[in-house]
Structures are given as structure tokens and as C-alpha cells.
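> Next comes run-v7.cif, mmCIF, C-alpha atoms and all ligand atoms:
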data_entry
#
loop_
_atom_site.label_atom_id
_atom_site.label_comp_id
_atom_site.auth_asym_id
_atom_site.auth_seq_id
_atom_site.Cartn_x
_atom_site.Cartn_y
_atom_site.Cartn_z
CA MET A 1 -13.17 42.52 2.88
CA ALA A 2 -11.86 39.37 1.28
CA LEU A 3 -14.50 36.72 0.68
CA VAL A 4 -13.56 33.19 1.56
CA ASN A 5 -13.78 30.25 -0.81
CA GLU A 6 -16.73 28.70 0.98
CA HIS A 7 -16.16 25.34 -0.63
CA PHE A 8 -13.34 24.86 1.88
CA LEU A 9 -15.92 25.04 4.65
CA LYS A 10 -17.54 21.89 3.28
CA LEU A 11 -14.42 19.81 3.90
CA GLN A 12 -14.17 17.48 6.88
CA SER A 13 -12.37 19.47 9.56
CA SER A 14 -9.14 17.56 9.09
CA TYR A 15 -7.48 15.41 6.46
CA LEU A 16 -7.85 11.66 7.14
CA PHE A 17 -4.21 11.02 8.00
CA SER A 18 -3.99 14.14 10.20
CA ASP A 19 -7.07 12.93 12.06
CA ILE A 20 -5.46 9.54 12.66
CA ALA A 21 -2.19 11.16 13.77
CA LYS A 22 -4.13 13.19 16.36
CA ARG A 23 -5.85 10.07 17.73
CA VAL A 24 -2.53 8.23 17.91
CA ASN A 25 -0.94 11.19 19.72
CA THR A 26 -3.77 11.18 22.24
CA PHE A 27 -3.14 7.49 22.85
CA LYS A 28 0.58 8.16 23.32
CA VAL A 29 -0.09 10.86 25.88
CA THR A 30 -2.37 8.62 27.91
CA HIS A 31 -0.24 5.46 27.42
CA PRO A 32 3.35 6.76 27.35
CA LYS A 33 4.91 3.36 28.01
CA GLU A 34 3.21 1.44 25.19
CA LYS A 35 5.08 0.84 21.96
CA ILE A 36 2.88 1.54 18.98
CA ILE A 37 3.42 -0.10 15.59
CA ARG A 38 2.30 2.13 12.74
CA LEU A 39 0.82 0.45 9.70
CA GLY A 40 -1.53 3.35 9.00
CA ILE A 41 -0.37 6.03 6.56
CA GLY A 42 1.49 4.55 3.62
CA ASP A 43 4.87 5.91 4.62
CA VAL A 44 7.98 3.92 3.84
CA THR A 45 10.54 2.80 6.42
CA GLN A 46 13.52 1.56 4.41
CA PRO A 47 16.31 4.04 3.60
CA LEU A 48 17.07 5.45 0.18
CA ALA A 49 19.00 3.19 -2.20
CA PRO A 50 22.78 3.72 -2.06
CA ALA A 51 22.78 4.70 -5.77
CA VAL A 52 20.27 7.44 -4.97
CA VAL A 53 22.30 8.74 -2.03
CA GLU A 54 25.46 8.73 -4.14
CA ALA A 55 23.72 10.69 -6.90
CA MET A 56 22.50 13.24 -4.38
CA ARG A 57 26.01 13.64 -2.96
CA GLY A 58 27.31 14.30 -6.46
CA ALA A 59 24.55 16.84 -7.11
CA VAL A 60 25.23 18.60 -3.80
CA GLU A 61 28.91 18.87 -4.77
CA GLU A 62 27.89 20.36 -8.12
CA MET A 63 25.66 22.88 -6.40
CA GLY A 64 28.57 23.88 -4.17
CA ARG A 65 30.89 24.81 -7.03
CA ARG A 66 30.64 28.02 -9.02
CA GLU A 67 31.24 26.22 -12.35
CA THR A 68 28.50 23.63 -11.84
CA PHE A 69 26.03 25.52 -9.65
CA ARG A 70 22.45 25.61 -11.01
CA GLY A 71 19.68 28.03 -10.15
CA TYR A 72 16.10 27.72 -11.39
CA GLY A 73 15.62 24.64 -13.49
CA PRO A 74 13.01 24.03 -16.17
CA GLU A 75 9.55 24.02 -14.57
CA GLN A 76 8.73 20.82 -16.46
CA GLY A 77 11.85 19.00 -15.23
CA TYR A 78 15.38 18.35 -16.43
CA ASP A 79 15.92 16.51 -19.72
CA PHE A 80 18.17 13.91 -18.08
CA LEU A 81 15.31 12.66 -15.88
CA ILE A 82 12.66 12.94 -18.57
CA GLU A 83 14.84 10.90 -20.95
CA ALA A 84 15.36 8.22 -18.27
CA ILE A 85 11.59 8.04 -17.71
CA LEU A 86 10.79 7.77 -21.41
CA LYS A 87 13.34 5.02 -21.91
CA ASN A 88 12.74 2.95 -18.78
CA ASP A 89 9.11 3.45 -17.82
CA TYR A 90 7.58 3.70 -21.30
CA ALA A 91 9.75 2.70 -24.29
CA SER A 92 10.58 -0.54 -22.47
CA ARG A 93 6.85 -1.35 -22.58
CA GLY A 94 6.40 -0.30 -26.18
CA ILE A 95 4.90 3.10 -25.30
CA ARG A 96 6.10 6.11 -27.29
CA LEU A 97 5.81 9.47 -25.60
CA GLU A 98 7.53 12.78 -26.28
CA PRO A 99 9.71 14.57 -23.73
CA SER A 100 7.25 17.47 -23.65
CA GLU A 101 4.52 15.09 -22.50
CA ILE A 102 6.31 14.43 -19.18
CA PHE A 103 6.10 16.90 -16.27
CA ILE A 104 8.35 16.28 -13.26
CA SER A 105 6.75 17.29 -9.99
CA ASP A 106 7.14 17.06 -6.24
CA GLY A 107 4.91 14.00 -6.09
CA ALA A 108 1.61 12.43 -7.03
CA LYS A 109 -0.35 14.07 -4.25
CA SER A 110 0.24 17.56 -5.61
CA ASP A 111 -0.48 16.53 -9.18
CA THR A 112 -3.66 14.58 -8.42
CA GLY A 113 -4.81 17.51 -6.31
CA ASN A 114 -3.92 20.18 -8.87
CA ILE A 115 -4.81 18.62 -12.20
CA GLY A 116 -8.49 19.52 -11.79
CA GLU A 117 -7.55 23.18 -12.23
CA LEU A 118 -7.52 22.53 -15.98
CA LEU A 119 -11.21 21.68 -15.96
CA ARG A 120 -14.35 23.70 -15.39
CA TRP A 121 -15.84 23.44 -11.93
CA ASP A 122 -19.06 21.91 -13.20
CA ASN A 123 -17.77 18.77 -14.90
CA SER A 124 -19.46 15.61 -13.65
CA MET A 125 -17.12 13.13 -12.05
CA ALA A 126 -16.89 9.56 -10.82
CA ILE A 127 -14.66 7.89 -8.29
CA THR A 128 -14.21 4.37 -7.11
CA ASP A 129 -15.36 4.06 -3.51
CA PRO A 130 -13.35 3.69 -1.24
CA VAL A 131 -10.80 6.06 -2.72
CA TYR A 132 -7.65 8.08 -1.94
CA PRO A 133 -9.17 11.15 -0.21
CA VAL A 134 -7.23 13.71 -2.28
CA TYR A 135 -9.38 13.08 -5.37
CA VAL A 136 -12.57 14.03 -3.56
CA ASP A 137 -11.17 16.77 -1.31
CA SER A 138 -9.49 18.64 -4.17
CA ASN A 139 -12.78 18.63 -6.07
CA ILE A 140 -14.70 19.81 -3.01
CA MET A 141 -12.30 22.76 -2.80
CA CYS A 142 -13.30 24.03 -6.23
CA GLY A 143 -17.00 23.25 -5.87
CA ARG A 144 -17.02 20.39 -8.36
CA SER A 145 -18.21 17.77 -5.87
CA GLY A 146 -21.48 19.59 -5.15
CA GLU A 147 -23.08 19.28 -1.73
CA ARG A 148 -22.62 16.62 0.90
CA GLY A 149 -25.70 14.49 1.46
CA GLU A 150 -26.81 12.85 4.68
CA ASN A 151 -25.34 9.56 3.51
CA GLY A 152 -21.92 11.25 3.31
CA GLN A 153 -21.93 11.24 -0.49
CA TRP A 154 -21.37 14.33 -2.65
CA SER A 155 -24.18 15.30 -4.99
CA ASN A 156 -22.09 15.74 -8.15
CA VAL A 157 -19.96 12.65 -7.63
CA THR A 158 -20.86 9.24 -9.01
CA TYR A 159 -19.67 6.63 -6.54
CA LEU A 160 -18.58 3.30 -7.97
CA PRO A 161 -18.69 0.96 -4.97
CA CYS A 162 -15.80 -1.48 -4.62
CA THR A 163 -17.16 -4.32 -2.54
CA ALA A 164 -16.31 -7.91 -1.73
CA GLU A 165 -19.14 -8.87 -4.12
CA ASN A 166 -17.45 -7.25 -7.14
CA GLY A 167 -13.95 -8.21 -5.99
CA PHE A 168 -13.37 -4.48 -5.30
CA ILE A 169 -13.34 -3.85 -9.04
CA PRO A 170 -16.38 -1.86 -10.14
CA GLU A 171 -17.78 -1.61 -13.63
CA PRO A 172 -17.52 1.78 -15.37
CA PRO A 173 -20.58 4.00 -14.69
CA ALA A 174 -23.87 3.10 -16.32
CA HIS A 175 -24.23 6.73 -17.51
CA ARG A 176 -21.66 9.12 -18.98
CA VAL A 177 -19.48 11.31 -16.78
CA ASP A 178 -16.87 13.89 -17.79
CA LEU A 179 -14.09 12.86 -15.46
CA ILE A 180 -13.04 9.65 -13.66
CA TYR A 181 -10.22 9.11 -11.18
CA LEU A 182 -8.69 5.64 -11.13
CA CYS A 183 -5.85 4.31 -8.98
CA TYR A 184 -4.35 0.89 -9.77
CA PRO A 185 -2.76 -0.94 -8.00
CA ASN A 186 -5.44 0.43 -5.79
CA ASN A 187 -5.11 2.58 -2.74
CA PRO A 188 -6.75 1.58 -0.37
CA THR A 189 -7.96 -1.93 -1.30
CA GLY A 190 -4.69 -3.26 -2.76
CA THR A 191 -6.51 -4.73 -5.77
CA THR A 192 -5.24 -4.53 -9.35
CA LEU A 193 -6.74 -4.48 -12.83
CA THR A 194 -5.84 -6.98 -15.51
CA ARG A 195 -5.26 -5.74 -19.03
CA ALA A 196 -8.81 -6.75 -20.02
CA GLN A 197 -10.28 -4.94 -17.00
CA LEU A 198 -8.34 -1.73 -17.64
CA LYS A 199 -9.33 -1.87 -21.30
CA LYS A 200 -12.99 -1.64 -20.26
CA TRP A 201 -12.29 1.75 -18.67
CA VAL A 202 -10.36 3.06 -21.64
CA ASP A 203 -13.11 1.87 -23.99
CA TYR A 204 -15.71 3.57 -21.80
CA ALA A 205 -13.69 6.81 -21.87
CA LEU A 206 -13.28 6.66 -25.65
CA ALA A 207 -16.98 5.94 -26.18
CA ASN A 208 -18.18 8.60 -23.74
CA ASP A 209 -15.58 11.33 -24.27
CA THR A 210 -14.49 11.00 -20.64
CA LEU A 211 -11.17 12.13 -19.19
CA LEU A 212 -9.39 9.54 -17.01
CA ILE A 213 -6.95 10.59 -14.32
CA PHE A 214 -4.93 7.43 -13.79
CA ASP A 215 -2.90 7.35 -10.58
CA ALA A 216 -0.17 4.73 -11.02
CA ALA A 217 1.73 5.54 -7.82
CA TYR A 218 2.02 1.85 -6.90
CA GLU A 219 2.91 0.37 -10.30
CA ALA A 220 6.37 -0.74 -9.09
CA TYR A 221 4.63 -3.38 -6.93
CA ILE A 222 3.20 -5.20 -9.94
CA ARG A 223 4.76 -8.59 -10.53
CA ASP A 224 2.10 -10.32 -12.67
CA ALA A 225 2.54 -10.02 -16.43
CA ASP A 226 -1.18 -9.53 -17.03
CA VAL A 227 -1.39 -6.40 -14.85
CA PRO A 228 -0.51 -3.27 -16.84
CA HIS A 229 1.97 -0.81 -15.31
CA SER A 230 0.74 2.08 -17.42
CA ILE A 231 -2.66 2.94 -18.80
CA TYR A 232 -0.93 3.68 -22.10
CA GLU A 233 -0.40 -0.06 -22.53
CA ILE A 234 -4.06 0.01 -23.57
CA ARG A 235 -4.75 1.12 -27.12
CA GLY A 236 -6.44 4.51 -27.36
CA ALA A 237 -5.54 5.60 -23.82
CA LYS A 238 -3.30 8.41 -25.03
CA ARG A 239 -6.42 10.19 -26.26
CA VAL A 240 -8.28 10.04 -22.96
CA ALA A 241 -5.90 9.55 -20.04
CA ILE A 242 -3.51 11.54 -17.91
CA GLU A 243 -1.17 9.30 -15.89
CA ILE A 244 0.40 10.26 -12.58
CA ARG A 245 3.45 8.52 -11.14
CA SER A 246 5.36 8.84 -7.90
CA TYR A 247 8.81 7.86 -6.62
CA SER A 248 7.51 7.84 -3.04
CA LYS A 249 6.62 4.18 -2.85
CA THR A 250 8.85 3.14 -5.75
CA ALA A 251 12.09 4.40 -4.24
CA GLY A 252 11.37 5.69 -0.74
CA PHE A 253 10.95 9.34 -1.77
CA THR A 254 8.09 10.15 0.65
CA GLY A 255 10.39 12.63 2.38
CA LEU A 256 12.40 13.62 -0.68
CA ARG A 257 9.40 14.40 -2.93
CA CYS A 258 9.45 13.63 -6.63
CA GLY A 259 7.01 12.22 -9.14
CA TYR A 260 5.74 13.03 -12.60
CA THR A 261 2.63 13.43 -14.67
CA VAL A 262 2.13 12.41 -18.28
CA VAL A 263 -0.18 14.63 -20.30
CA PRO A 264 -0.22 13.27 -23.85
CA LYS A 265 -0.66 15.90 -26.57
CA GLU A 266 -3.74 14.07 -27.84
CA VAL A 267 -5.69 14.53 -24.59
CA THR A 268 -8.23 17.32 -24.97
CA ALA A 269 -11.16 18.92 -23.20
CA ALA A 270 -13.89 21.04 -24.75
CA THR A 271 -14.83 24.71 -24.45
CA LEU A 272 -18.50 25.52 -23.94
CA SER A 273 -18.72 26.27 -27.67
CA GLY A 274 -17.42 22.78 -28.43
CA GLU A 275 -13.89 23.64 -29.52
CA ARG A 276 -11.33 21.00 -28.46
CA VAL A 277 -8.37 22.24 -26.44
CA ALA A 278 -5.22 20.21 -25.77
CA LEU A 279 -4.53 19.92 -22.04
CA ASN A 280 -0.75 19.49 -22.44
CA PRO A 281 0.05 23.18 -23.10
CA LEU A 282 -2.39 24.21 -20.38
CA TRP A 283 -0.66 22.03 -17.80
CA SER A 284 2.70 23.36 -18.96
CA ARG A 285 1.40 26.92 -18.58
CA ARG A 286 0.01 26.13 -15.15
CA GLN A 287 3.31 24.63 -13.98
CA CYS A 288 5.31 27.60 -15.30
CA THR A 289 3.12 29.96 -13.31
CA LYS A 290 2.71 28.04 -10.10
CA PHE A 291 5.67 25.66 -9.82
CA ASN A 292 9.39 26.36 -10.01
CA GLY A 293 10.43 22.79 -10.59
CA THR A 294 11.64 19.96 -8.40
CA SER A 295 15.11 20.56 -7.00
CA TYR A 296 18.08 19.58 -9.16
CA ILE A 297 19.43 17.37 -6.36
CA THR A 298 16.14 15.49 -6.13
CA GLN A 299 15.91 15.00 -9.89
CA ARG A 300 19.46 13.59 -9.95
CA ALA A 301 18.36 11.26 -7.13
CA ALA A 302 15.38 10.12 -9.22
CA GLU A 303 17.58 9.62 -12.29
CA ALA A 304 19.78 7.22 -10.27
CA ILE A 305 16.81 4.85 -9.83
CA TYR A 306 17.13 4.03 -13.51
CA THR A 307 20.82 3.02 -13.41
CA PRO A 308 21.51 -0.75 -13.29
CA GLU A 309 22.54 -0.64 -9.62
CA GLY A 310 19.68 1.75 -8.79
CA LYS A 311 17.15 -0.60 -10.40
CA ARG A 312 18.55 -3.57 -8.50
CA GLN A 313 18.56 -1.75 -5.16
CA VAL A 314 15.08 -0.31 -5.56
CA LYS A 315 13.68 -3.69 -6.60
CA ALA A 316 15.21 -5.27 -3.49
CA THR A 317 13.36 -2.77 -1.29
CA ILE A 318 10.07 -3.33 -3.10
CA ASP A 319 10.58 -7.10 -2.76
CA TYR A 320 11.08 -6.53 0.97
CA TYR A 321 7.72 -4.73 1.25
CA LEU A 322 5.99 -7.36 -0.89
CA GLU A 323 7.37 -10.04 1.42
CA ASN A 324 5.95 -8.04 4.36
CA ALA A 325 2.61 -8.09 2.54
CA ARG A 326 2.80 -11.85 2.13
CA ILE A 327 3.64 -12.40 5.81
CA MET A 328 0.78 -10.12 6.83
CA ARG A 329 -1.74 -11.69 4.48
CA GLU A 330 -0.94 -15.23 5.50
CA GLY A 331 -0.72 -14.48 9.23
CA LEU A 332 -3.99 -12.58 9.29
CA LYS A 333 -5.87 -15.08 7.15
CA ALA A 334 -4.67 -17.93 9.33
CA ALA A 335 -6.07 -16.04 12.32
CA GLY A 336 -9.49 -16.08 10.69
CA LEU A 337 -9.59 -12.55 9.30
CA THR A 338 -10.88 -11.88 5.80
CA VAL A 339 -8.04 -10.17 3.93
CA TYR A 340 -7.88 -8.71 0.43
CA GLY A 341 -5.05 -7.09 -1.53
CA GLY A 342 -1.37 -7.34 -0.70
CA VAL A 343 -0.49 -9.03 -4.02
CA ASN A 344 1.05 -6.73 -6.65
CA ALA A 345 0.27 -4.01 -4.12
CA PRO A 346 1.53 -2.75 -0.76
CA TYR A 347 -1.88 -2.42 0.93
CA LEU A 348 -4.03 -5.02 2.69
CA TRP A 349 -7.73 -4.51 3.12
CA LEU A 350 -9.16 -6.28 6.17
CA ARG A 351 -12.79 -6.97 6.93
CA ALA A 352 -13.43 -5.83 10.51
CA PRO A 353 -14.33 -8.94 12.54
CA GLY A 354 -17.60 -9.37 14.40
CA GLY A 355 -19.36 -6.58 12.49
CA LEU A 356 -17.20 -3.85 14.04
CA SER A 357 -17.29 -0.48 12.31
CA SER A 358 -14.08 0.77 10.72
CA TRP A 359 -13.39 3.32 13.43
CA ARG A 360 -14.24 0.89 16.23
CA PHE A 361 -11.85 -1.67 14.75
CA PHE A 362 -9.20 1.06 14.43
CA ASP A 363 -9.70 2.11 18.08
CA ARG A 364 -9.64 -1.43 19.40
CA LEU A 365 -6.46 -2.29 17.52
CA LEU A 366 -4.85 0.92 18.74
CA TYR A 367 -5.89 0.56 22.38
CA GLU A 368 -5.77 -3.23 22.75
CA ALA A 369 -3.01 -4.32 20.30
CA HIS A 370 -1.17 -0.97 19.93
CA VAL A 371 -1.23 -1.31 16.16
CA VAL A 372 -2.25 1.61 13.94
CA GLY A 373 -4.23 0.99 10.75
CA THR A 374 -6.38 3.28 8.63
CA PRO A 375 -10.16 2.96 9.00
CA GLY A 376 -11.74 2.05 5.69
CA ALA A 377 -14.61 4.48 6.24
CA GLY A 378 -12.09 7.32 5.96
CA PHE A 379 -11.70 6.43 2.28
CA GLY A 380 -15.41 6.66 1.50
CA PRO A 381 -18.78 5.14 2.36
CA SER A 382 -18.01 1.71 0.89
CA GLY A 383 -14.93 1.47 3.10
CA GLU A 384 -17.13 1.10 6.17
CA GLY A 385 -16.47 -2.18 7.92
CA TYR A 386 -12.88 -2.39 6.65
CA LEU A 387 -9.41 -1.34 7.77
CA ARG A 388 -6.30 -0.77 5.66
CA LEU A 389 -2.84 -1.93 6.73
CA THR A 390 0.33 -0.99 4.87
CA ALA A 391 3.21 -3.33 4.12
CA PHE A 392 5.72 -0.46 4.31
CA GLY A 393 6.78 -1.30 7.86
CA ASP A 394 10.05 -2.60 9.15
CA ARG A 395 10.07 -6.44 8.92
CA ASP A 396 10.41 -7.14 12.63
CA GLU A 397 7.78 -4.57 13.54
CA THR A 398 5.44 -5.90 10.88
CA ALA A 399 5.81 -9.45 12.18
CA GLU A 400 5.24 -8.19 15.73
CA ALA A 401 2.11 -6.28 14.61
CA ILE A 402 0.69 -9.44 13.06
CA ARG A 403 1.51 -11.41 16.21
CA ARG A 404 -0.32 -8.77 18.27
CA ILE A 405 -3.38 -8.76 16.00
CA ARG A 406 -3.49 -12.56 16.10
CA ALA A 407 -3.26 -12.48 19.91
CA TRP A 408 -6.04 -9.89 19.95
CA MET A 409 -8.10 -12.35 17.90
CA GLY A 410 -7.28 -15.06 20.46
CA VAL A 411 -4.95 -16.91 18.07
CA TYR A 412 -1.41 -17.55 19.28
C1 LIG A 501 -1.66 6.77 1.93
O1 LIG A 501 -1.39 6.32 3.04
O2 LIG A 501 -2.76 6.59 1.40
C2 LIG A 501 -0.63 7.54 1.22
O3 LIG A 501 0.60 7.38 1.80
C3 LIG A 501 -0.94 8.96 1.29
C4 LIG A 501 -0.17 9.69 0.25
O4 LIG A 501 0.58 9.13 -0.52
O5 LIG A 501 -0.37 10.90 0.22
#
Please render this file's structure as C-alpha cells.

Amino acid sequence: MALVNEHFLKLQSSYLFSDIAKRVNTFKVTHPKEKIIRLGIGDVTQPLAPAVVEAMRGAVEEMGRRETFRGYGPEQGYDFLIEAILKNDYASRGIRLEPSEIFISDGAKSDTGNIGELLRWDNSMAITDPVYPVYVDSNIMCGRSGERGENGQWSNVTYLPCTAENGFIPEPPAHRVDLIYLCYPNNPTGTTLTRAQLKKWVDYALANDTLLIFDAAYEAYIRDADVPHSIYEIRGAKRVAIEIRSYSKTAGFTGLRCGYTVVPKEVTAATLSGERVALNPLWSRRQCTKFNGTSYITQRAAEAIYTPEGKRQVKATIDYYLENARIMREGLKAAGLTVYGGVNAPYLWLRAPGGLSSWRFFDRLLYEAHVVGTPGAGFGPSGEGYLRLTAFGDRDETAEAIRRIRAWMGVY
């Protein structure tokens, strides 16, 4: 008899975005004539950049010819993409990394979910709250989160509340923890950290021997010079931080799947006897065993983002989403809603009006305005009373969604 990993039984029965999809489907069945506008899951709507499509066509042609066909690629990724990353994402910001510190993957979700495999199950951990659910769920799966309390919090997780009072930017924990997940620009609140604010976290990690998992999936949305794109812009971060990047929101790869993780050689964790072990070779070993690399065609597509025309095209799409964010923010604020985020970030964080709970606000917008958001409570206890909207919609639909929400508020 096989014994089940009982930690899985502690998970909520379905993943947040699957739960929302089910509720939306129920609405569609009972209201087949209504046109829903989806600003819930952060999925992009604009097509791939022409430079990306062209690169994929070329790669498909190569794969179709005997002389240029490629089978298994390197598990860590092809050199051509790694070199483009080093040059464009890091050297351009004065950050020196080695090719063997970059690991190409099929996206940030897999890497944020899998990286914890390198660490013992009983490390203590902290998360900002609300938070991207993958950080908590993946730790529940291996038993690291402990037990769920009546207040919905996990016993071995330190929650760092992000509230209107602290501008959704918490201080590092008052005590030491082994592991902290950070995501900036933040999903779900759409807030960002300045250089000085991010430095506080790196200094905490250096002082407390803490490992930071820094999810930079939304860095392409940063426009302000004082907001760092990479945690390695902060001195000392290479000793304490793993950075995870994604092309999903940068270049519309949500369906194509590609991202990468940086594991600097200096980042270590300890054995029980106190010996320091570099995590870079362990992650490489893990990838070789469990991952056969991102497809050649996809990596050529990602490489094209770094060409002059690719950069221009991708920036135009990000500008489009940032303009959506501006239209949303201004329209919703003018209707009397309290709105955060949406600057240097593709997410807006709305205070539910009239003291509605997150899920009640979600339901009312779905049933009365036919607009789908994501209830803040789904991202953690401190998300209660909020709703997240994404700026990844089509422009006309986004404008129509804002018009509908304003009408729902009684503002025309
Ligand atoms: C989100 O909506 O939070 C993201 O799109 C989910 C993801 O990237 O996995």
C-alpha cells in the first residue's frame, strides 16, 4: 500500500484561480447571454511581439531540417539565451553574473514552487501577506508551513501584514527566520520597493543568515529610476538571494512558458552540522534530474525579446498595459473607490466599498457588473476587504469594465 503525502490534504481543495474559474463558469451557465470582462487572473491579452514570432518561425524551420534539428538541449538552458540575459538584464545594470548562475525554466511559477526542494522541511519561513498563493501552497505540500490555525494562518509561517497603514510595505520580521519570499513589484498589491526599502531586506538577510527568494516576475513594469529591477542591485544580495524572472508578463509568454532563475554561487545553506553548502550546484543537479529544459523554439523566442526590435515591441505592449492601469486607477478613484498599485506594476488593489468582504465584492461585481476580479482574501488573511484587478486586459474591454464598475457604484 502506498502512503499518501498527507500534507497535500491540508491544502485548500482548489487553487485560488481554479476556484474563481469555477465560479465564473457557474455564472456563465446561469447567465449565458451576459458578456463577462475578465480582470481576474493575471493573464495577458496582447499577442506575441512580431520579432518573437519571427524567431519561432526560424526555430521551427531549423527543427524541420536534418542538418539543424536539435534534440534534448542543456537542462540549464541554451548559451545564446543565457548570454542575452546576462548582457541585457544584468550587465546593463552593473550586475556581474556567470552563465552557470542562470537556469532557464518554463516559468516563474514552477521555479518558485520547486526551489524549496533544496531546503529542509523544517526551516522557518516568512511571507508578506497578502501573497502569491504558490509560495504558501508549495511549502504546505512539503510540511514546512506547519498546521493551519483557526485564523487561517499556518503555524510555521511568519506573516508580514501589508496594510493600508504601512503602505502595503511591511518591515522585515522582528525575529530571525530562515527563509523569506518577496515579490516586487508586488503581486497582488501592485506596490513596489525603492532601493532603500529593498536594502532593508537584504541587510536583514545578511545580518540574520536568511535566504531570500525574490520573485521579480513584474520587473518590466518598473519605470521609476529609484525602483530596483533586480535584487542584485543591492550590495551583498548575491550572498543571500535567489532571483526568479518570467517572460510571461514581460513578453506575453503565459501560454508559451519561459522564465529563469538566478542562483548565485555565493548563496549557501547549512547542513545540520553547520557546514555551508552552495545551492547553485544543487539546483543544477535538481534540474538535470527533473527537468529536460525549455524547448529550443521557446528559448529562441525569448532571445528575440533582447533584439532592438524585440525590445521596442515588448516595451510598447508593456506601455499599453501600464496605460490600462492608469485608466483604471483614475476611473476607479474618481468613482470614489480607494485604489492602490497600478504604478510600476500591472495590478490594482481596491478597497471593497461599504465594508464588503473580498468574496462578497467579487460576487457582486461578477453578478451585477459582470466583471471578474480576484478576491484579496484568496491571497492571505490581510487581503480580506480587498479585490485585485489586472491591467492585462484589452483596452476597450478594460475601459468598459471601469465604466461598469463606476455605474455599479452609481457614478456615470
Ligand atoms: C496571477 O494572476 O497572480 C498570476 O497570473 C498567476 C501566475 O502567474 O501564476
> When you count all atoms listed in the file, which of these residues is closest to Leu206 in chain A: A:Ser145, A:Thr268, A:Ser18, A:Ser13?
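Using all atoms listed in the file, the shortest distance to Leu206 in chain A belongs to A:Thr268.
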> If we count all atoms listed in the file and set the cut-off at 6 Å, which residues sit around Gly342 in chain A, ignoring sequence neighbours fewer than 3 positions away in its own chain? Please answer as a list in words.
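So the residues in contact are Gly190, Ala325, Ala345, Pro346, Tyr347 and Leu348 of chain A.
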> Using all atoms listed in the file, which of A:Thr307, A:Ser155, A:Thr398, A:Thr390 sits nearest Ile37 in chain A?
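Using all atoms listed in the file, Ile37 in chain A sits closest to A:Thr398.
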> Neighbouring residues of Pro264 in chain A were defined as those with any atom within 12 Å, considering all atoms listed in the file; residues of the same chain fewer than 2 positions away were excluded. Please report them as a PDB file with C-alpha atoms, in the coordinates of the input.

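around-v2.pdb, freshly written:
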ATOM      1  CA  ILE A  95       4.900   3.100 -25.300  1.00  0.00           C
ATOM      2  CA  ARG A  96       6.100   6.110 -27.290  1.00  0.00           C
ATOM      3  CA  LEU A  97       5.810   9.470 -25.600  1.00  0.00           C
ATOM      4  CA  GLU A  98       7.530  12.780 -26.280  1.00  0.00           C
ATOM      5  CA  PRO A  99       9.710  14.570 -23.730  1.00  0.00           C
ATOM      6  CA  SER A 100       7.250  17.470 -23.650  1.00  0.00           C
ATOM      7  CA  GLU A 101       4.520  15.090 -22.500  1.00  0.00           C
ATOM      8  CA  ILE A 102       6.310  14.430 -19.180  1.00  0.00           C
ATOM      9  CA  PHE A 103       6.100  16.900 -16.270  1.00  0.00           C
ATOM     10  CA  LEU A 211     -11.170  12.130 -19.190  1.00  0.00           C
ATOM     11  CA  ILE A 213      -6.950  10.590 -14.320  1.00  0.00           C
ATOM     12  CA  ILE A 231      -2.660   2.940 -18.800  1.00  0.00           C
ATOM     13  CA  TYR A 232      -0.930   3.680 -22.100  1.00  0.00           C
ATOM     14  CA  GLY A 236      -6.440   4.510 -27.360  1.00  0.00           C
ATOM     15  CA  ALA A 237      -5.540   5.600 -23.820  1.00  0.00           C
ATOM     16  CA  LYS A 238      -3.300   8.410 -25.030  1.00  0.00           C
ATOM     17  CA  ARG A 239      -6.420  10.190 -26.260  1.00  0.00           C
ATOM     18  CA  VAL A 240      -8.280  10.040 -22.960  1.00  0.00           C
ATOM     19  CA  ALA A 241      -5.900   9.550 -20.040  1.00  0.00           C
ATOM     20  CA  ILE A 242      -3.510  11.540 -17.910  1.00  0.00           C
ATOM     21  CA  GLU A 243      -1.170   9.300 -15.890  1.00  0.00           C
ATOM     22  CA  ILE A 244       0.400  10.260 -12.580  1.00  0.00           C
ATOM     23  CA  THR A 261       2.630  13.430 -14.670  1.00  0.00           C
ATOM     24  CA  VAL A 262       2.130  12.410 -18.280  1.00  0.00           C
ATOM     25  CA  GLU A 266      -3.740  14.070 -27.840  1.00  0.00           C
ATOM     26  CA  VAL A 267      -5.690  14.530 -24.590  1.00  0.00           C
ATOM     27  CA  THR A 268      -8.230  17.320 -24.970  1.00  0.00           C
ATOM     28  CA  ALA A 278      -5.220  20.210 -25.770  1.00  0.00           C
ATOM     29  CA  LEU A 279      -4.530  19.920 -22.040  1.00  0.00           C
ATOM     30  CA  ASN A 280      -0.750  19.490 -22.440  1.00  0.00           C
ATOM     31  CA  PRO A 281       0.050  23.180 -23.100  1.00  0.00           C
ATOM     32  CA  LEU A 282      -2.390  24.210 -20.380  1.00  0.00           C
ATOM     33  CA  TRP A 283      -0.660  22.030 -17.800  1.00  0.00           C
ATOM     34  CA  SER A 284       2.700  23.360 -18.960  1.00  0.00           C
TER      35      SER A 284
END
> Give as a ChimeraX atom specification the residues surrounding ligand LIG 501 (chain A) up to a distance of 10 Å, considering only C-alpha atoms and all ligand atoms.
/A:16-17,39-44,107-110,112,131-134,186-188,217-218,246,248-249,254,347,373-374,379,388-390,392
> Can you work out which one of A:Thr298, A:Ser230, A:Val24, A:Asp363 has the shortest atom-to-atom distance to Gly255 in chain A, counting all atoms listed in the file?
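Closest to Gly255 in chain A, using all atoms listed in the file: A:Thr298.
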> Distance CA of Leu387 in chain A-CA of Phe362 in chain A, one decimal place?
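Value for the CA of Leu387 in chain A-CA of Phe362 in chain A distance: 7.1 Å.
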> What's the 12 Å shell around Pro308 in chain A, counting only C-alpha atoms, without same-chain residues fewer than 4 positions away, as a list in words?
Ala51, Val52, Ala84, Asn88, Glu303, Ala304, Arg312, Gln313, Val314 and Lys315 of chain A
> Starting from the structure just given, write a file holding range 285-298 of chain A with C-alpha atoms, as an mmCIF file, in the first residue's frame.

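Output file decode_38.cif follows:
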data_model
loop_
_atom_site.group_PDB
_atom_site.id
_atom_site.type_symbol
_atom_site.label_atom_id
_atom_site.label_comp_id
_atom_site.auth_asym_id
_atom_site.auth_seq_id
_atom_site.Cartn_x
_atom_site.Cartn_y
_atom_site.Cartn_z
ATOM 1 C CA ARG A 285 21.536 18.743 -10.077
ATOM 2 C CA ARG A 286 17.823 19.025 -9.387
ATOM 3 C CA GLN A 287 17.117 20.442 -12.840
ATOM 4 C CA CYS A 288 19.199 17.738 -14.557
ATOM 5 C CA THR A 289 17.164 15.068 -12.803
ATOM 6 C CA LYS A 290 13.699 16.539 -13.021
ATOM 7 C CA PHE A 291 13.678 18.936 -15.975
ATOM 8 C CA ASN A 292 14.675 18.382 -19.579
ATOM 9 C CA GLY A 293 14.951 22.020 -20.485
ATOM 10 C CA THR A 294 12.664 24.571 -22.090
ATOM 11 C CA SER A 295 12.060 23.890 -25.772
ATOM 12 C CA TYR A 296 14.592 25.231 -28.265
ATOM 13 C CA ILE A 297 11.836 27.088 -30.125
ATOM 14 C CA THR A 298 10.722 28.827 -26.937
#
